[in-house]
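Colleague: Mind looking over this structure? Questions follow.
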Protein chains: 2
Amino acid sequence: MSPRRVTLADVAKAAGVSRTTASLVLSGRGRELRISQDVEQRVLKAADELQYRPNIVSVGLRTGTTRTIGFISDTIATSRLAGDMIKGALEAARDRGFMLFIGETEGDAELESLLLQAMHDRQVDGLVLASMFTRTIKVPKTVTATPAVLLNALPEQPTPLPAVLPDEVEAGRRAARILLEAGHRDGIYLIGAGPGLRDVPAESVAAVERLVGIREALGEAGVEVAGARTCPDWQPEYGLAATRDLLHTAQPRALICFNDRIAMGAYQALDDFGLKVPADVSVVSFDDHPIASWMRPKLTTVALPHYELGRKAVDVLFTEIDRDRADGDRVGDVHRVPMPVRSRESVAPSLLD
Amino acid sequence: MSPRRVTLADVAKAAGVSRTTASLVLSGRGRELRISQDVEQRVLKAADELQYRPNIVSVGLRTGTTRTIGFISDTIATSRLAGDMIKGALEAARDRGFMLFIGETEGDAELESLLLQAMHDRQVDGLVLASMFTRTIKVPKTVTATPAVLLNALPEQPTPLPAVLPDEVEAGRRAARILLEAGHRDGIYLIGAGPGLRDVPAESVAAVERLVGIREALGEAGVEVAGARTCPDWQPEYGLAATRDLLHTAQPRALICFNDRIAMGAYQALDDFGLKVPADVSVVSFDDHPIASWMRPKLTTVALPHYELGRKAVDVLFTEIDRDRADGDRVGDVHRVPMPVRSRESVAPSLLD
DNA sequence: CTCCGTTGCTAAATCGGGTTAGCGCCCGTT
DNA sequence: AACGGGCGCTAACCCGATTTAGCAACGGAG
């Protein structure tokens, strides 16, 4: 069907040298091994003219390295998170000439181990284990055979695996400071979690950490959270219900919503009560979901840096791979990626009463 | 670091036979080649006890097949489309024990050819060339070397590549019929494209086809489109602007928005004019973007079957791969995947005047 | 008793590269 | 002239599987 691939043997023959020599020249070890300029040129010319490209499968067999990393996540579709995270990972990998295998476990441990096997069978050089929402995960013991990095996840048991996560605590502080800097000191309510550190959805690391940050920043300014409503799931309908419930008994001046979908519901509830954002109530949120800039007024939110998370994970993975080659010890650092503030239109200065 | 992988040689030694014999038994050709029951059992037992798994890299070198397919798209992050499409592709691949390489071209032809090379270097068995919005693409000539399928795209030049696309024309008919069945015959306006077949954003196949379907279904019922507003880009802000513009001069009873983001803008404009959905104006749309079920009232829309598109593409690719092995001719069929209606709350019966 | 055909298995080549060990040749020394 | 040593290159083995060709042992026919 297709014209057979050009192999090293073809290049060697065209240059009139042995395969060994051709290999040495092309791997850049020609100088070191005293190949003459003349031969070097002939080999390079032949390779160029024949458009030679090494067969990575073959190299993989001999050297055990396939210039490939596996990206395994629990869910790739739910939430846009996945897309940008993979994009970041993809580009970081591409910078080093690596390709990405994608796999999805759907939270199924058996599927996960099958995937890990399939990746090992294909001799991946490293693994990214990603979660689509920040949480603690059980690390399958099989992964210790290969360099690996946790992305958006923390190990349940202590392991020597590095982890890359968004800096949620600082994000919480930032959200709070946005309101403080606008002069808000009273009537600040939380929607989605809180007010206590135990009032959070199960398993959600993000909820706890955001809450910690919020309370920290407010506390430093001597400001109290006026109240909070939790949501069983962080979806618009629950944000709507929680905010409605709040508005029946309270008169908030500002809301900190735990994510943008909740904020969307909050907008709807505020609208139902005839309250204007931001004139009557300021709203800040987290995630920077696309809807944040579609809402009216556009939502001020602390962004999840999906792209950077993906990039960082792969960058960290590369240092793990290098360390592995150098027989170094594993460490297991936790890398925090900053969450940037997207200032838009949903926060107004608090009018001094 | 890790205990060396178990190889075929290990299994052979444990079973007290040659590698050849072990290979024959494990590939199921034992019977055919007259291996005794006794030996067969010994090999299977050894393989099981040692937890032998064939090294796919090695198999790839020998047989040229790596049980891997490449998924190349122009953008993987923009729009949720990508996630579900990849998910479908992933699952279809997994059903046959295949893995997926992911690549993103960002519409850059050079990047595309680099990616194709990288995939060829890794001996992929087939390629999915995906576009994130339906359009015609230039097919790089390199792809003819491998079985390939176009996903959500049509070839600019006629090629023998099969294509998998959503059935947009039928979707257009369905959207129109939703309104017809609710009794709407007058005051139906289009937002995003139309009324003429030339009033569409550049390159957008979806716009043309949806429009064709809409006009066809309305025409059959003897109903005329009352008017239309185009949008330079299908984003909420343009939907808002276009609908506002319309409302200044007309009193629509129903809107067909060309996608859900436009519909979101349309909702905002209707709200500005004090019009209620669906009591005053019914709205139907396309895509079934997540926001469709977050809007109030929930949006009735004709869904892009992302997951099914991904699955179908890989299924078609497998028949291409099989055909390729059998030295068959390439055909280049176009496969249309139905777009299902999601009936929600944005359409009300037309009150007879 | 020899010859032949089957049965049951294995040696060896192969895929496309990387890597080690070492072979000739030329030059300079003594 | 014999010897040592550097230079420039290559033969041969290796990775882990598949596959082709063929070998030994045995039994039955002639």
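Letters for chains follow the order of the structure tokens (A, B, ...), residue numbers begin at 1 for each chain, and ligand numbers begin at 1 in the order shown.
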Can you tell me, as a ChimeraX atom specification, which residues in range 232-321 of chain B count as strand (DSSP E) by DSSP?
Modeller: /B:254-257,282-287,300-303
Colleague: Based on the selection just made, write N, CA and C atoms of those residues as a PDB file, in the first residue's frame.
Modeller:
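Dumped to again09.pdb:
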ATOM      1  N   ALA B 254     -41.722  33.009  18.045  1.00  0.00           N
ATOM      2  CA  ALA B 254     -40.804  31.883  18.256  1.00  0.00           C
ATOM      3  C   ALA B 254     -39.444  32.196  17.651  1.00  0.00           C
ATOM      4  N   LEU B 255     -38.402  31.724  18.328  1.00  0.00           N
ATOM      5  CA  LEU B 255     -37.045  31.904  17.811  1.00  0.00           C
ATOM      6  C   LEU B 255     -36.395  30.543  17.591  1.00  0.00           C
ATOM      7  N   ILE B 256     -35.724  30.421  16.443  1.00  0.00           N
ATOM      8  CA  ILE B 256     -34.833  29.276  16.273  1.00  0.00           C
ATOM      9  C   ILE B 256     -33.421  29.839  16.338  1.00  0.00           C
ATOM     10  N   CYS B 257     -32.712  29.524  17.421  1.00  0.00           N
ATOM     11  CA  CYS B 257     -31.345  30.007  17.582  1.00  0.00           C
ATOM     12  C   CYS B 257     -30.388  28.948  17.047  1.00  0.00           C
ATOM     13  N   SER B 282     -41.480  31.313  22.157  1.00  0.00           N
ATOM     14  CA  SER B 282     -40.860  29.988  22.280  1.00  0.00           C
ATOM     15  C   SER B 282     -39.452  30.051  21.706  1.00  0.00           C
ATOM     16  N   VAL B 283     -38.545  29.257  22.265  1.00  0.00           N
ATOM     17  CA  VAL B 283     -37.168  29.235  21.772  1.00  0.00           C
ATOM     18  C   VAL B 283     -36.718  27.791  21.576  1.00  0.00           C
ATOM     19  N   VAL B 284     -36.201  27.486  20.408  1.00  0.00           N
ATOM     20  CA  VAL B 284     -35.515  26.204  20.216  1.00  0.00           C
ATOM     21  C   VAL B 284     -34.113  26.503  19.711  1.00  0.00           C
ATOM     22  N   SER B 285     -33.232  25.539  19.892  1.00  0.00           N
ATOM     23  CA  SER B 285     -31.838  25.796  19.625  1.00  0.00           C
ATOM     24  C   SER B 285     -31.130  24.502  19.211  1.00  0.00           C
ATOM     25  N   PHE B 286     -29.821  24.586  19.087  1.00  0.00           N
ATOM     26  CA  PHE B 286     -29.024  23.409  18.709  1.00  0.00           C
ATOM     27  C   PHE B 286     -27.818  23.248  19.645  1.00  0.00           C
ATOM     28  N   ASP B 287     -27.348  22.052  19.779  1.00  0.00           N
ATOM     29  CA  ASP B 287     -26.090  21.673  20.452  1.00  0.00           C
ATOM     30  C   ASP B 287     -26.275  20.888  21.750  1.00  0.00           C
ATOM     31  N   THR B 300     -35.036  23.952  25.190  1.00  0.00           N
ATOM     32  CA  THR B 300     -35.286  22.834  24.278  1.00  0.00           C
ATOM     33  C   THR B 300     -34.322  22.964  23.107  1.00  0.00           C
ATOM     34  N   THR B 301     -33.582  21.893  22.846  1.00  0.00           N
ATOM     35  CA  THR B 301     -32.490  22.005  21.876  1.00  0.00           C
ATOM     36  C   THR B 301     -32.254  20.672  21.176  1.00  0.00           C
ATOM     37  N   VAL B 302     -31.678  20.739  19.991  1.00  0.00           N
ATOM     38  CA  VAL B 302     -31.365  19.519  19.241  1.00  0.00           C
ATOM     39  C   VAL B 302     -29.885  19.221  19.470  1.00  0.00           C
ATOM     40  N   ALA B 303     -29.616  18.085  20.111  1.00  0.00           N
ATOM     41  CA  ALA B 303     -28.280  17.833  20.653  1.00  0.00           C
ATOM     42  C   ALA B 303     -27.265  17.364  19.630  1.00  0.00           C
TER      43      ALA B 303
END
Colleague: Show me which bits of chain C are within 10 Å of chain A, counting only C-alpha atoms (C1' of nucleotides), as a ChimeraX atom specification.
Modeller: /C:15-19
Colleague: Could those residues be written to a file, using N, CA and C atoms (P, O5', C5', C4', C3', O3' and C1' of nucleotides), as a PDB file, in the first residue's frame?
Modeller:
ATOM      1  P    DC C  15      13.389  -8.132   7.834  1.00  0.00           P
ATOM      2  O5'  DC C  15      12.630  -7.114   8.796  1.00  0.00           O
ATOM      3  C5'  DC C  15      11.224  -7.216   9.009  1.00  0.00           C
ATOM      4  C4'  DC C  15      10.869  -6.456  10.262  1.00  0.00           C
ATOM      5  C3'  DC C  15      11.710  -5.204  10.461  1.00  0.00           C
ATOM      6  O3'  DC C  15      10.987  -4.073  10.004  1.00  0.00           O
ATOM      7  C1'  DC C  15      11.464  -6.470  12.493  1.00  0.00           C
ATOM      8  P    DG C  16      11.829  -3.005   9.085  1.00  0.00           P
ATOM      9  O5'  DG C  16      12.623  -2.183  10.192  1.00  0.00           O
ATOM     10  C5'  DG C  16      11.896  -1.301  11.029  1.00  0.00           C
ATOM     11  C4'  DG C  16      12.836  -0.716  12.051  1.00  0.00           C
ATOM     12  C3'  DG C  16      14.058  -0.008  11.457  1.00  0.00           C
ATOM     13  O3'  DG C  16      14.280   1.166  12.203  1.00  0.00           O
ATOM     14  C1'  DG C  16      14.755  -1.596  13.025  1.00  0.00           C
ATOM     15  P    DG C  17      15.015   2.413  11.642  1.00  0.00           P
ATOM     16  O5'  DG C  17      15.423   3.167  12.969  1.00  0.00           O
ATOM     17  C5'  DG C  17      16.726   3.131  13.452  1.00  0.00           C
ATOM     18  C4'  DG C  17      16.768   2.358  14.751  1.00  0.00           C
ATOM     19  C3'  DG C  17      18.059   2.607  15.521  1.00  0.00           C
ATOM     20  O3'  DG C  17      17.816   3.663  16.437  1.00  0.00           O
ATOM     21  C1'  DG C  17      17.397   0.286  15.533  1.00  0.00           C
ATOM     22  P    DG C  18      19.090   4.427  17.032  1.00  0.00           P
ATOM     23  O5'  DG C  18      19.652   3.409  18.133  1.00  0.00           O
ATOM     24  C5'  DG C  18      18.886   3.212  19.318  1.00  0.00           C
ATOM     25  C4'  DG C  18      19.687   2.373  20.303  1.00  0.00           C
ATOM     26  C3'  DG C  18      21.023   2.969  20.729  1.00  0.00           C
ATOM     27  O3'  DG C  18      21.199   2.632  22.105  1.00  0.00           O
ATOM     28  C1'  DG C  18      21.393   0.859  19.740  1.00  0.00           C
ATOM     29  P    DT C  19      22.434   3.281  22.947  1.00  0.00           P
ATOM     30  O5'  DT C  19      23.516   2.113  22.938  1.00  0.00           O
ATOM     31  C5'  DT C  19      23.137   0.838  23.427  1.00  0.00           C
ATOM     32  C4'  DT C  19      24.332  -0.104  23.389  1.00  0.00           C
ATOM     33  C3'  DT C  19      25.700   0.557  23.650  1.00  0.00           C
ATOM     34  O3'  DT C  19      26.427  -0.314  24.484  1.00  0.00           O
ATOM     35  C1'  DT C  19      25.780  -0.637  21.644  1.00  0.00           C
TER      36       DT C  19
END
Colleague: Determine which residues of chain D sit within 8 Å of chain A, taking into account only C-alpha atoms (C1' of nucleotides), and present them as a PyMOL selection string.
Modeller: chain D and resi 7-10+14-16
Colleague: Residues of chain A near chain B: apply a cut-off of 8 Å, count only C-alpha atoms, and supply the list as a PyMOL selection string.
Modeller: chain A and resi 1-2+53-58+60-61+76-80+82-84+86-87+90+99-104+118+121-123+144-146+236-237+291+294
Colleague: Just the residues within 10 Å of DA13 in chain C, please, counting only C-alpha atoms (C1' of nucleotides), with nothing from its chain fewer than 3 positions along; format it as a ChimeraX atom specification.
Modeller: /D:19-21
Colleague: Write down as number ranges by chain the residues of range 36-89 of chain B whose backbone DSSP state falls under alpha helix (DSSP H).
Modeller: B: 37-50, 56-63, 81-89
Colleague: Within 12 Å of DG28 in chain D, counting only C-alpha atoms (C1' of nucleotides), which residues show up once you throw out same-chain ones fewer than 3 positions away? Write them as a count of residues only, please.
Modeller: 4
